[in-house]
Amino acid sequence: MTRTSLERVEARPGDPVMSAALVAEHGLSPEEWEQILGFMGREPTFTELGVFSAMWSEHCGYKNSRPLLRTLPTESAAVVQGPGENAGVIDVGGGWGVAFKIESHNHPSAVEPYQGAATGSGGILRDVFTMGARPIAIFDSLHFGSLDSPQSRYLFDGVVRGVGDYGNCVGVPTVGGEAIFDPAYERNPLINVMCIGVLPLERLIRGEAEGVGNPVMAVGARTGRDGIHGATFASEELDEEAVDSRPQVQVGDPFTEKLLLEASLELIERDLLVGIQDMGAAGLTSSGTEMAARSGSGIDIDVAYLPVREKGMTPYEMLLSESQERMLLVAKPEHEEAVREVLERWDLQAATIGQVTDDGMFRVREDGIVRVEIPVKPLVDDCPTYVREGVMSPATAEARAADLEAYGSFGSDEAVETALRTLLDSPSIASRRWIHEQYDTTVQTNTLEGPGSDAAVLRLPAEGRALAASTDGNGRHTWLDPRTGGRAAVAEAARNVACSGARPLAVTNCLNFGSPLRPEVYFQLAGAVEGMGEACRALGTPVTGGNVSLYNETGGQPVYPTPVIGMLGVIEDLERRVPSAFRRAGDEIWIAGTTRDEIGGSEYLAACHGLVAGLPPALELEEAAALVDFLVEGAADGAFASAHDASDGGLAVALAECAVRAEGGPLGCTVDLDAAPAGADVSAAGRWFGESHSRVVLTCRPGAGERIAAHGRRHGVPVARVGVVDGPDRPCRLTGAGHAIAPPAAELARIYEEAIPRRMSEEAGITS
Amino acid sequence: MEVGMKVGIVRFPGSNCDADVYRAVTDGLGERATYLWHKSTDLEGVDVVVLPGGFSYGDYLRAGAIARFSPIMREVIDFARGGGLTLGICNGFQVLCEAHLLPGALVRNRNLRFRCHDVGLRVENAGTPFTSAYGEGDLLHIPIAHGEGQFVAEASTLDELEAENRVVFRYVDRRGQATDAANPNGSARNIAGIVNAEGNILGLMPHPERHSLSVLGNTDGLAVFQSLLAAVSRERSHPGDRRTDAAPPGAREFAAGAVAGAGVSS
């Protein structure tokens, strides 16, 4: 069965009749329908309509984001594989590569948090091991509504269990991430999961379908009716009836995933495959067509051979099912039996369902009868794209114009201390221990710095080297100023990675936005991508892939525009890695980077005054790049005992975090904030809690500060000695702008540690 | 004469700490290790069998409940009943209990959540082939990572375990006290690890293999494998002699140094 263009494509008896309403239900506009009729030269069958619906959804086709994403830098000496594959790959030296990617599972998690999060983890793990890489780490970037809401607690609890149970069972440690809580995410939480894997570079394999006649095999779990139209579901707004969409949420089986992982790596190691791809969003449809598109080939499959979970499934359902833990393989023909043997040894299903052709068609049969015949290229590559007009929303404009002067000063020292306590009790800032103790963080024995550090640091197989990684984003800043928010997400992630001593190398991005059809959302998307591109170029960290999640809104309210960046960096000598917390009493405390009068968009305004207003702190690209160089070279030189990025909550919170996170228990400190490098006319609030970018709290052994100063001079980074680390049972004695406070470090630690457990202890209040 | 030891690590479908044990034995200790496939019936002449952590057979039914019926387990049970040194870590401990090689059972943690963090452990019995390189009362920091690690048994069984000095590790706080706060999962009497009456089978929930590599900064777990090496060497030079006071010179000092170096008693 090599070529069959003379065969008739037959509609299936009982298929719905084509109508404008049916087309609209499939998420296709009348113009898109015309375009389809144009290159098909006939009316598609119902099954074909399903295929178009999936491939031309935002999730697979990037309709509204592709023109923007094209502007991002994607190449550097370190990049081995850029966007367009299952995952990006960078060269980390010694013949080793790192594959990594971030993905969202927002809508499924909104309606079924446990399975939504679990299957999100499963999908991103498969994206990484289908590149031939063994997953070594998972990160979760989570955004929820306020923990005061029972609904948010229910979602948060379910998501954490889902991420944990999946990764724990597969045996991949979850070592970092973030958890942000804001009413903007109340009914539409953001669940972004990044996976990182390592591979010998010569073993890199891609999702390709090459070689006419090569067998196409479906592997892993059987195909069921779950998740049908998940990709289309992910490309629509959630409404009040979304809970009825629970059948669209897939169910995960991490045990099967673990078997698939081991079997896939064995197949790749033994060189038995031509190509391999996860059957992820849009399942068999996207994996089949994308593999063919990459190779310029065609694919001819018969769904009668597909192992299914239940009888009576239609080709439409089989093509669009998103049942989990399935992969599509193209085997070398002489190895078909060997492939089968490996899979059987791991107790996995393997069925040859078709073969590679050279006619450029995606052809699907049902017992030999052709039900789908669509040219691959236009289906995959010619998804219509839209460039829209963006306009700043009136609400954003109004918030930006707010006069913040009244919030710049404190009435008393007590007011300063109350603000610090409030911020440490804010779940967005507080300790994530409640989360990460539910995750296996140390399996695989690579974890050098786990959760609680600015960046997680993992051993690499290449002798003496380590990988550092972080995920970051700030929806509030991006809402107030999309371009700055996009820049800052990249720069903060780079800063976190550099604080550990690693040279930032590349990013993966996850764009979580509302409906692009709204001009104010498109404005946010366009601005954030522009800023992201600027920062990626300035820092030399190209984008190797990622994920776009639009239509994140409920009840007509978009979430904060939230670009999340996953950044990777490499430490040449792992012994030179730098922890983030204070090490020992007596160490000098230094601050690098300039404090400006920037309290706009701060956690201080939000947590202490319930206000989201002003301009977010500016992100100067040269400053950001200089700071990264300063940190990387200083770390390599052994100049720092610790380094911690100042972000949410500003310098006062950063210092408190260094104190309460000290390894052997909280340490006190004595710091004069007025000694920190600062611009003109910085308000008291700006000095204590402002979130100016490109600032870091450093420590060094007593008397070793001159090396910090020398590195500062070399890179043009202003640095100043501001104080000293004190012993345990000592206060955090902070002074600045005419105020002085001295709360005991142990008490700050208690507030910081109990913020989330205290709110989650009332689990009875969970609703669904 | 053959020297050193060869450790067999059973790979069930779903095992995920197998490679960590392998590295602890090879990179950490410089000894030999091999994987034993669950469908195999050949222990390949190993000196020690390790049942590693993970989720064998997906932990469906009950943790460890299906694994005990796999082909390799018939051999492991014979090996263990015949006096072979057998170590079950985490899921491996669960399998040993399911196979009735150790008494008691492991049920869901009392807070019903998976927990992963370092715990304080006190060595209660340094006279076993698994702990001879420790000193009695040594305090260790070792990670746990489990959802079902609450050790339960009849009161009479617990009394018997204690009377026969078969509680090998207990969860303790920084000062070495077996308090309720130091008990991460609600285990009866803070029990973290036990041996059988003959002393050749150890099951424990914490993961000594995760703290066996100096590059990770803590080697509190390595002495478990050093103890096994000493036991294997002793058995080879004095077959049938299970006394542990015949530890080779240096083993105790090495372990004590490793423990002190990690600053565990702080």
# chains A, B, ... in the order shown; residues from 1 in each chain; ligands from 1
call {"tool": "interface_residues", "arguments": {"of": "chain A", "to": "chain B", "cutoff": "7 Å", "atoms": "only C-alpha atoms", "output": "ChimeraX atom specification"}}
result
/A:169-171,255,258-259,437-441,443-445,448
call {"tool": "write_last_selection", "arguments": {"atoms": "N, CA, C and O atoms", "output": "CSV table (one decimal), in the first residue's frame"}}
result
chain,number,residue,atom,x,y,z
A,169,CYS,N,6.6,8.7,41.4
A,169,CYS,CA,6.5,7.3,40.9
A,169,CYS,C,7.5,7.0,39.8
A,169,CYS,O,8.1,6.0,39.7
A,170,VAL,N,7.6,8.0,38.9
A,170,VAL,CA,8.5,7.8,37.7
A,170,VAL,C,10.0,7.8,38.2
A,170,VAL,O,10.9,7.3,37.6
A,171,GLY,N,10.2,8.5,39.4
A,171,GLY,CA,11.6,8.5,39.9
A,171,GLY,C,12.4,9.7,39.3
A,171,GLY,O,13.6,9.6,39.1
A,255,PHE,N,3.2,4.6,36.4
A,255,PHE,CA,3.8,3.3,36.3
A,255,PHE,C,4.1,3.0,34.8
A,255,PHE,O,5.2,2.6,34.5
A,258,LYS,N,6.9,5.1,33.5
A,258,LYS,CA,8.2,4.7,33.9
A,258,LYS,C,8.7,3.6,32.9
A,258,LYS,O,9.9,3.5,32.5
A,259,LEU,N,7.8,2.6,32.6
A,259,LEU,CA,8.1,1.5,31.7
A,259,LEU,C,8.4,2.1,30.3
A,259,LEU,O,9.4,1.7,29.7
A,437,GLU,N,8.1,19.2,50.2
A,437,GLU,CA,8.3,18.0,51.0
A,437,GLU,C,7.3,16.9,50.5
A,437,GLU,O,7.5,15.8,50.9
A,438,GLN,N,6.4,17.2,49.7
A,438,GLN,CA,5.5,16.2,49.1
A,438,GLN,C,6.1,15.7,47.7
A,438,GLN,O,5.6,14.8,47.1
A,439,TYR,N,7.3,16.3,47.4
A,439,TYR,CA,7.9,15.9,46.1
A,439,TYR,C,9.2,15.1,46.5
A,439,TYR,O,9.9,15.5,47.4
A,440,ASP,N,9.5,14.1,45.8
A,440,ASP,CA,10.8,13.5,45.9
A,440,ASP,C,11.8,14.4,45.3
A,440,ASP,O,11.8,14.7,44.1
A,441,THR,N,12.7,14.9,46.1
A,441,THR,CA,13.7,15.9,45.6
A,441,THR,C,15.1,15.4,45.5
A,441,THR,O,16.0,16.1,45.0
A,443,VAL,N,15.9,11.7,44.7
A,443,VAL,CA,16.1,10.5,43.9
A,443,VAL,C,17.0,10.8,42.7
A,443,VAL,O,17.1,11.9,42.2
A,444,GLN,N,17.8,9.8,42.3
A,444,GLN,CA,18.8,9.9,41.3
A,444,GLN,C,20.1,10.4,41.7
A,444,GLN,O,21.1,10.5,41.0
A,445,THR,N,20.1,10.9,43.0
A,445,THR,CA,21.4,11.3,43.6
A,445,THR,C,22.2,12.3,42.8
A,445,THR,O,23.4,12.2,42.6
A,448,LEU,N,22.3,18.8,44.1
A,448,LEU,CA,23.3,19.5,44.9
A,448,LEU,C,22.7,20.7,45.7
A,448,LEU,O,23.0,20.9,46.8
call {"tool": "select_by_dssp", "arguments": {"residues": "range 430-511 of chain A", "states": "strand (DSSP E or B)", "output": "PyMOL selection string"}}
result
chain A and resi 447-449+456-459+466-472+503-511
call {"tool": "write_last_selection", "arguments": {"atoms": "N, CA, C and O atoms", "output": "PDB file, in the first residue's frame"}}
result
ATOM      1  N   THR A 447      21.040  15.832  43.161  1.00  0.00           N
ATOM      2  CA  THR A 447      20.619  17.134  43.684  1.00  0.00           C
ATOM      3  C   THR A 447      21.691  17.741  44.588  1.00  0.00           C
ATOM      4  O   THR A 447      21.956  17.245  45.680  1.00  0.00           O
ATOM      5  N   LEU A 448      22.302  18.814  44.106  1.00  0.00           N
ATOM      6  CA  LEU A 448      23.308  19.528  44.899  1.00  0.00           C
ATOM      7  C   LEU A 448      22.659  20.672  45.673  1.00  0.00           C
ATOM      8  O   LEU A 448      23.003  20.932  46.813  1.00  0.00           O
ATOM      9  N   GLU A 449      21.761  21.395  45.020  1.00  0.00           N
ATOM     10  CA  GLU A 449      20.950  22.411  45.697  1.00  0.00           C
ATOM     11  C   GLU A 449      19.513  22.176  45.266  1.00  0.00           C
ATOM     12  O   GLU A 449      19.208  22.210  44.074  1.00  0.00           O
ATOM     13  N   ALA A 456      17.924  25.584  41.354  1.00  0.00           N
ATOM     14  CA  ALA A 456      18.286  24.217  41.719  1.00  0.00           C
ATOM     15  C   ALA A 456      19.583  23.876  40.986  1.00  0.00           C
ATOM     16  O   ALA A 456      19.789  24.304  39.849  1.00  0.00           O
ATOM     17  N   VAL A 457      20.448  23.137  41.654  1.00  0.00           N
ATOM     18  CA  VAL A 457      21.723  22.759  41.040  1.00  0.00           C
ATOM     19  C   VAL A 457      21.844  21.243  41.064  1.00  0.00           C
ATOM     20  O   VAL A 457      21.646  20.610  42.106  1.00  0.00           O
ATOM     21  N   LEU A 458      22.136  20.686  39.896  1.00  0.00           N
ATOM     22  CA  LEU A 458      22.191  19.232  39.743  1.00  0.00           C
ATOM     23  C   LEU A 458      23.519  18.816  39.146  1.00  0.00           C
ATOM     24  O   LEU A 458      24.051  19.491  38.263  1.00  0.00           O
ATOM     25  N   ARG A 459      24.012  17.698  39.609  1.00  0.00           N
ATOM     26  CA  ARG A 459      25.191  17.094  39.038  1.00  0.00           C
ATOM     27  C   ARG A 459      24.936  16.728  37.579  1.00  0.00           C
ATOM     28  O   ARG A 459      23.891  16.207  37.238  1.00  0.00           O
ATOM     29  N   ALA A 466      28.071  21.013  36.758  1.00  0.00           N
ATOM     30  CA  ALA A 466      26.720  20.996  37.308  1.00  0.00           C
ATOM     31  C   ALA A 466      25.817  21.878  36.465  1.00  0.00           C
ATOM     32  O   ALA A 466      26.278  22.794  35.775  1.00  0.00           O
ATOM     33  N   LEU A 467      24.544  21.559  36.542  1.00  0.00           N
ATOM     34  CA  LEU A 467      23.525  22.304  35.823  1.00  0.00           C
ATOM     35  C   LEU A 467      22.731  23.107  36.840  1.00  0.00           C
ATOM     36  O   LEU A 467      22.384  22.597  37.895  1.00  0.00           O
ATOM     37  N   ALA A 468      22.441  24.373  36.518  1.00  0.00           N
ATOM     38  CA  ALA A 468      21.574  25.175  37.383  1.00  0.00           C
ATOM     39  C   ALA A 468      20.346  25.569  36.579  1.00  0.00           C
ATOM     40  O   ALA A 468      20.449  25.821  35.376  1.00  0.00           O
ATOM     41  N   ALA A 469      19.206  25.594  37.219  1.00  0.00           N
ATOM     42  CA  ALA A 469      17.983  25.942  36.502  1.00  0.00           C
ATOM     43  C   ALA A 469      17.000  26.644  37.424  1.00  0.00           C
ATOM     44  O   ALA A 469      17.002  26.430  38.639  1.00  0.00           O
ATOM     45  N   SER A 470      16.171  27.479  36.806  1.00  0.00           N
ATOM     46  CA  SER A 470      15.175  28.237  37.570  1.00  0.00           C
ATOM     47  C   SER A 470      13.987  28.547  36.668  1.00  0.00           C
ATOM     48  O   SER A 470      14.148  28.647  35.447  1.00  0.00           O
ATOM     49  N   THR A 471      12.806  28.666  37.258  1.00  0.00           N
ATOM     50  CA  THR A 471      11.657  29.167  36.500  1.00  0.00           C
ATOM     51  C   THR A 471      11.178  30.466  37.143  1.00  0.00           C
ATOM     52  O   THR A 471      11.135  30.582  38.359  1.00  0.00           O
ATOM     53  N   ASP A 472      10.845  31.439  36.309  1.00  0.00           N
ATOM     54  CA  ASP A 472      10.430  32.742  36.822  1.00  0.00           C
ATOM     55  C   ASP A 472       9.445  33.430  35.891  1.00  0.00           C
ATOM     56  O   ASP A 472       9.469  33.230  34.685  1.00  0.00           O
ATOM     57  N   ARG A 503      26.660  29.958  34.341  1.00  0.00           N
ATOM     58  CA  ARG A 503      26.515  30.829  33.175  1.00  0.00           C
ATOM     59  C   ARG A 503      25.192  30.482  32.494  1.00  0.00           C
ATOM     60  O   ARG A 503      25.023  29.362  32.015  1.00  0.00           O
ATOM     61  N   PRO A 504      24.226  31.419  32.445  1.00  0.00           N
ATOM     62  CA  PRO A 504      22.948  31.126  31.788  1.00  0.00           C
ATOM     63  C   PRO A 504      23.171  30.855  30.298  1.00  0.00           C
ATOM     64  O   PRO A 504      23.925  31.573  29.633  1.00  0.00           O
ATOM     65  N   LEU A 505      22.512  29.797  29.774  1.00  0.00           N
ATOM     66  CA  LEU A 505      22.772  29.389  28.397  1.00  0.00           C
ATOM     67  C   LEU A 505      21.560  29.461  27.476  1.00  0.00           C
ATOM     68  O   LEU A 505      21.698  29.805  26.301  1.00  0.00           O
ATOM     69  N   ALA A 506      20.397  29.100  27.947  1.00  0.00           N
ATOM     70  CA  ALA A 506      19.240  29.045  27.050  1.00  0.00           C
ATOM     71  C   ALA A 506      17.958  28.973  27.864  1.00  0.00           C
ATOM     72  O   ALA A 506      17.982  28.631  29.044  1.00  0.00           O
ATOM     73  N   VAL A 507      16.852  29.291  27.194  1.00  0.00           N
ATOM     74  CA  VAL A 507      15.571  29.272  27.898  1.00  0.00           C
ATOM     75  C   VAL A 507      14.522  28.460  27.140  1.00  0.00           C
ATOM     76  O   VAL A 507      14.620  28.235  25.937  1.00  0.00           O
ATOM     77  N   THR A 508      13.524  28.050  27.894  1.00  0.00           N
ATOM     78  CA  THR A 508      12.273  27.547  27.338  1.00  0.00           C
ATOM     79  C   THR A 508      11.191  28.439  27.921  1.00  0.00           C
ATOM     80  O   THR A 508      11.332  28.910  29.045  1.00  0.00           O
ATOM     81  N   ASN A 509      10.140  28.735  27.139  1.00  0.00           N
ATOM     82  CA  ASN A 509       9.166  29.690  27.658  1.00  0.00           C
ATOM     83  C   ASN A 509       7.754  29.148  27.597  1.00  0.00           C
ATOM     84  O   ASN A 509       7.409  28.333  26.766  1.00  0.00           O
ATOM     85  N   CYS A 510       6.955  29.580  28.553  1.00  0.00           N
ATOM     86  CA  CYS A 510       5.551  29.196  28.581  1.00  0.00           C
ATOM     87  C   CYS A 510       4.739  30.481  28.686  1.00  0.00           C
ATOM     88  O   CYS A 510       4.852  31.216  29.664  1.00  0.00           O
ATOM     89  N   LEU A 511       3.956  30.770  27.661  1.00  0.00           N
ATOM     90  CA  LEU A 511       3.218  32.024  27.613  1.00  0.00           C
ATOM     91  C   LEU A 511       1.773  31.773  28.026  1.00  0.00           C
ATOM     92  O   LEU A 511       1.019  31.160  27.290  1.00  0.00           O
TER      93      LEU A 511
END
call {"tool": "closest_residue", "arguments": {"among": "A:Glu417, A:His693, A:Gly712, A:Ala680", "to": "Pro744 in chain A", "atoms": "only C-alpha atoms"}}
result
A:Glu417
call {"tool": "residues_around", "arguments": {"residues": "range 150-161 of chain B", "least_positions_apart": "6", "cutoff": "8 Å", "atoms": "only C-alpha atoms", "output": "PyMOL selection string"}}
result
chain B and resi 103-110+167+185-188+191-192+194
call {"tool": "write_last_selection", "arguments": {"atoms": "N, CA and C atoms", "output": "PDB file, in the first residue's frame"}}
result
ATOM      1  N   PRO B 103       8.634  -8.921  60.032  1.00  0.00           N
ATOM      2  CA  PRO B 103       7.301  -8.768  60.624  1.00  0.00           C
ATOM      3  C   PRO B 103       6.757  -7.356  60.422  1.00  0.00           C
ATOM      4  N   GLY B 104       5.454  -7.216  60.631  1.00  0.00           N
ATOM      5  CA  GLY B 104       4.852  -5.887  60.564  1.00  0.00           C
ATOM      6  C   GLY B 104       4.473  -5.508  59.150  1.00  0.00           C
ATOM      7  N   ALA B 105       4.043  -4.264  59.006  1.00  0.00           N
ATOM      8  CA  ALA B 105       3.624  -3.755  57.704  1.00  0.00           C
ATOM      9  C   ALA B 105       3.863  -2.257  57.655  1.00  0.00           C
ATOM     10  N   LEU B 106       3.860  -1.729  56.433  1.00  0.00           N
ATOM     11  CA  LEU B 106       4.048  -0.293  56.242  1.00  0.00           C
ATOM     12  C   LEU B 106       2.784   0.267  55.620  1.00  0.00           C
ATOM     13  N   VAL B 107       2.178   1.205  56.314  1.00  0.00           N
ATOM     14  CA  VAL B 107       0.918   1.776  55.852  1.00  0.00           C
ATOM     15  C   VAL B 107       1.106   3.269  55.584  1.00  0.00           C
ATOM     16  N   ARG B 108       0.046   3.919  55.109  1.00  0.00           N
ATOM     17  CA  ARG B 108       0.171   5.327  54.718  1.00  0.00           C
ATOM     18  C   ARG B 108       0.661   6.190  55.874  1.00  0.00           C
ATOM     19  N   ASN B 109       1.481   7.172  55.523  1.00  0.00           N
ATOM     20  CA  ASN B 109       1.972   8.109  56.523  1.00  0.00           C
ATOM     21  C   ASN B 109       0.792   8.707  57.284  1.00  0.00           C
ATOM     22  N   ARG B 110       1.017   9.056  58.530  1.00  0.00           N
ATOM     23  CA  ARG B 110      -0.137   9.495  59.326  1.00  0.00           C
ATOM     24  C   ARG B 110      -0.722  10.806  58.807  1.00  0.00           C
ATOM     25  N   VAL B 167      15.370  -3.680  66.556  1.00  0.00           N
ATOM     26  CA  VAL B 167      15.142  -2.335  65.998  1.00  0.00           C
ATOM     27  C   VAL B 167      16.524  -1.756  65.717  1.00  0.00           C
ATOM     28  N   ASN B 185       6.343   9.821  60.004  1.00  0.00           N
ATOM     29  CA  ASN B 185       5.240   9.109  59.366  1.00  0.00           C
ATOM     30  C   ASN B 185       4.317   8.409  60.363  1.00  0.00           C
ATOM     31  N   GLY B 186       4.604   8.546  61.659  1.00  0.00           N
ATOM     32  CA  GLY B 186       3.761   7.912  62.657  1.00  0.00           C
ATOM     33  C   GLY B 186       4.139   6.482  62.958  1.00  0.00           C
ATOM     34  N   SER B 187       5.340   6.060  62.580  1.00  0.00           N
ATOM     35  CA  SER B 187       5.767   4.679  62.813  1.00  0.00           C
ATOM     36  C   SER B 187       5.707   4.327  64.296  1.00  0.00           C
ATOM     37  N   ALA B 188       5.287   3.102  64.583  1.00  0.00           N
ATOM     38  CA  ALA B 188       5.235   2.640  65.961  1.00  0.00           C
ATOM     39  C   ALA B 188       6.618   2.775  66.599  1.00  0.00           C
ATOM     40  N   ILE B 191      10.094   3.548  64.887  1.00  0.00           N
ATOM     41  CA  ILE B 191      10.948   2.547  64.234  1.00  0.00           C
ATOM     42  C   ILE B 191      11.148   2.889  62.756  1.00  0.00           C
ATOM     43  N   ALA B 192      12.394   2.952  62.332  1.00  0.00           N
ATOM     44  CA  ALA B 192      12.729   3.264  60.938  1.00  0.00           C
ATOM     45  C   ALA B 192      13.296   2.054  60.210  1.00  0.00           C
ATOM     46  N   ILE B 194      14.331  -2.461  60.790  1.00  0.00           N
ATOM     47  CA  ILE B 194      14.395  -3.648  61.658  1.00  0.00           C
ATOM     48  C   ILE B 194      15.133  -4.779  60.946  1.00  0.00           C
TER      49      ILE B 194
END
call {"tool": "residues_around", "arguments": {"residues": "range 205-208 of chain A", "least_positions_apart": "5", "cutoff": "7 Å", "atoms": "only C-alpha atoms", "output": "list of chain:residue names"}}
result
A:Glu85, A:Asn86, A:Met131, A:Gly132, A:Val274, A:Gly275, A:Ile276, A:Gln277, A:Met291, A:Ala292, A:Arg294, A:Ser295
call {"tool": "write_last_selection", "arguments": {"atoms": "N, CA, C and O atoms", "output": "PDB file, in the first residue's frame"}}
result
ATOM      1  N   GLU A  85      10.850  20.881  17.867  1.00  0.00           N
ATOM      2  CA  GLU A  85      10.991  19.460  18.189  1.00  0.00           C
ATOM      3  C   GLU A  85      10.233  19.152  19.478  1.00  0.00           C
ATOM      4  O   GLU A  85       9.625  20.029  20.075  1.00  0.00           O
ATOM      5  N   ASN A  86      10.315  17.899  19.905  1.00  0.00           N
ATOM      6  CA  ASN A  86       9.679  17.538  21.166  1.00  0.00           C
ATOM      7  C   ASN A  86      10.219  18.392  22.308  1.00  0.00           C
ATOM      8  O   ASN A  86       9.501  18.754  23.228  1.00  0.00           O
ATOM      9  N   MET A 131      13.575  12.615  23.099  1.00  0.00           N
ATOM     10  CA  MET A 131      14.783  13.138  22.458  1.00  0.00           C
ATOM     11  C   MET A 131      15.980  12.223  22.729  1.00  0.00           C
ATOM     12  O   MET A 131      17.093  12.503  22.303  1.00  0.00           O
ATOM     13  N   GLY A 132      15.760  11.171  23.497  1.00  0.00           N
ATOM     14  CA  GLY A 132      16.864  10.281  23.864  1.00  0.00           C
ATOM     15  C   GLY A 132      17.493  10.661  25.193  1.00  0.00           C
ATOM     16  O   GLY A 132      18.541  10.137  25.560  1.00  0.00           O
ATOM     17  N   VAL A 274      14.053   5.206  13.832  1.00  0.00           N
ATOM     18  CA  VAL A 274      14.278   6.338  12.941  1.00  0.00           C
ATOM     19  C   VAL A 274      13.793   7.612  13.626  1.00  0.00           C
ATOM     20  O   VAL A 274      14.418   8.669  13.554  1.00  0.00           O
ATOM     21  N   GLY A 275      12.639   7.514  14.284  1.00  0.00           N
ATOM     22  CA  GLY A 275      12.072   8.683  14.945  1.00  0.00           C
ATOM     23  C   GLY A 275      11.082   8.250  16.004  1.00  0.00           C
ATOM     24  O   GLY A 275      10.590   7.119  16.005  1.00  0.00           O
ATOM     25  N   ILE A 276      10.789   9.165  16.923  1.00  0.00           N
ATOM     26  CA  ILE A 276       9.897   8.846  18.033  1.00  0.00           C
ATOM     27  C   ILE A 276       9.241  10.141  18.493  1.00  0.00           C
ATOM     28  O   ILE A 276       9.876  11.202  18.510  1.00  0.00           O
ATOM     29  N   GLN A 277       7.965  10.055  18.812  1.00  0.00           N
ATOM     30  CA  GLN A 277       7.280  11.245  19.318  1.00  0.00           C
ATOM     31  C   GLN A 277       6.169  10.846  20.274  1.00  0.00           C
ATOM     32  O   GLN A 277       5.489   9.840  20.083  1.00  0.00           O
ATOM     33  N   MET A 291       5.528  14.343  12.564  1.00  0.00           N
ATOM     34  CA  MET A 291       6.698  13.534  12.201  1.00  0.00           C
ATOM     35  C   MET A 291       6.866  13.502  10.682  1.00  0.00           C
ATOM     36  O   MET A 291       7.975  13.601  10.169  1.00  0.00           O
ATOM     37  N   ALA A 292       5.749  13.384   9.955  1.00  0.00           N
ATOM     38  CA  ALA A 292       5.840  13.377   8.497  1.00  0.00           C
ATOM     39  C   ALA A 292       6.287  14.740   7.979  1.00  0.00           C
ATOM     40  O   ALA A 292       7.113  14.829   7.062  1.00  0.00           O
ATOM     41  N   ARG A 294       8.168  17.004   9.356  1.00  0.00           N
ATOM     42  CA  ARG A 294       9.588  17.268   9.582  1.00  0.00           C
ATOM     43  C   ARG A 294      10.453  16.583   8.531  1.00  0.00           C
ATOM     44  O   ARG A 294      11.539  17.058   8.206  1.00  0.00           O
ATOM     45  N   SER A 295       9.989  15.453   8.025  1.00  0.00           N
ATOM     46  CA  SER A 295      10.786  14.699   7.067  1.00  0.00           C
ATOM     47  C   SER A 295      10.332  14.934   5.631  1.00  0.00           C
ATOM     48  O   SER A 295      10.899  14.356   4.708  1.00  0.00           O
TER      49      SER A 295
END
call {"tool": "residues_around", "arguments": {"residues": "Glu31 in chain B", "least_positions_apart": "4", "cutoff": "7 Å", "atoms": "only C-alpha atoms", "output": "PyMOL selection string"}}
result
chain B and resi 4-6+25-26
call {"tool": "closest_residue", "arguments": {"among": "A:Gly93, A:Ser264, A:Pro743, A:Gly354", "to": "Glu414 in chain A", "atoms": "only C-alpha atoms"}}
result
A:Pro743
call {"tool": "select_by_dssp", "arguments": {"residues": "range 28-250 of chain B", "states": "helix (DSSP H, G or I)", "output": "ChimeraX atom specification"}}
result
/B:28,56-59,67-69,71-81,91-98,155-163,188-190,208-211,214-216,222-237
call {"tool": "atom_distance", "arguments": {"atom1": "CA of Leu28 in chain A", "atom2": "CA of Ala87 in chain A"}}
result
28.0 Å
call {"tool": "atom_distance", "arguments": {"atom1": "CA of Asp47 in chain B", "atom2": "CA of Arg236 in chain B"}}
result
10.0 Å
call {"tool": "residues_around", "arguments": {"residues": "Gly82 in chain A", "least_positions_apart": "2", "cutoff": "12 Å", "atoms": "only C-alpha atoms", "output": "PyMOL selection string"}}
result
chain A and resi 72-80+84-91+99-101+206+506-508+541-546
call {"tool": "closest_residue", "arguments": {"among": "B:Arg32, B:Arg189, B:Arg11, B:Arg174", "to": "Leu229 in chain B", "atoms": "only C-alpha atoms"}}
result
B:Arg32
call {"tool": "atom_distance", "arguments": {"atom1": "CA of Glu112 in chain A", "atom2": "CA of Pro189 in chain A"}}
result
11.3 Å
call {"tool": "closest_residue", "arguments": {"among": "B:Leu51, B:Val7, B:Val195, B:Ile142", "to": "Thr34 in chain B", "atoms": "only C-alpha atoms"}}
result
B:Val7
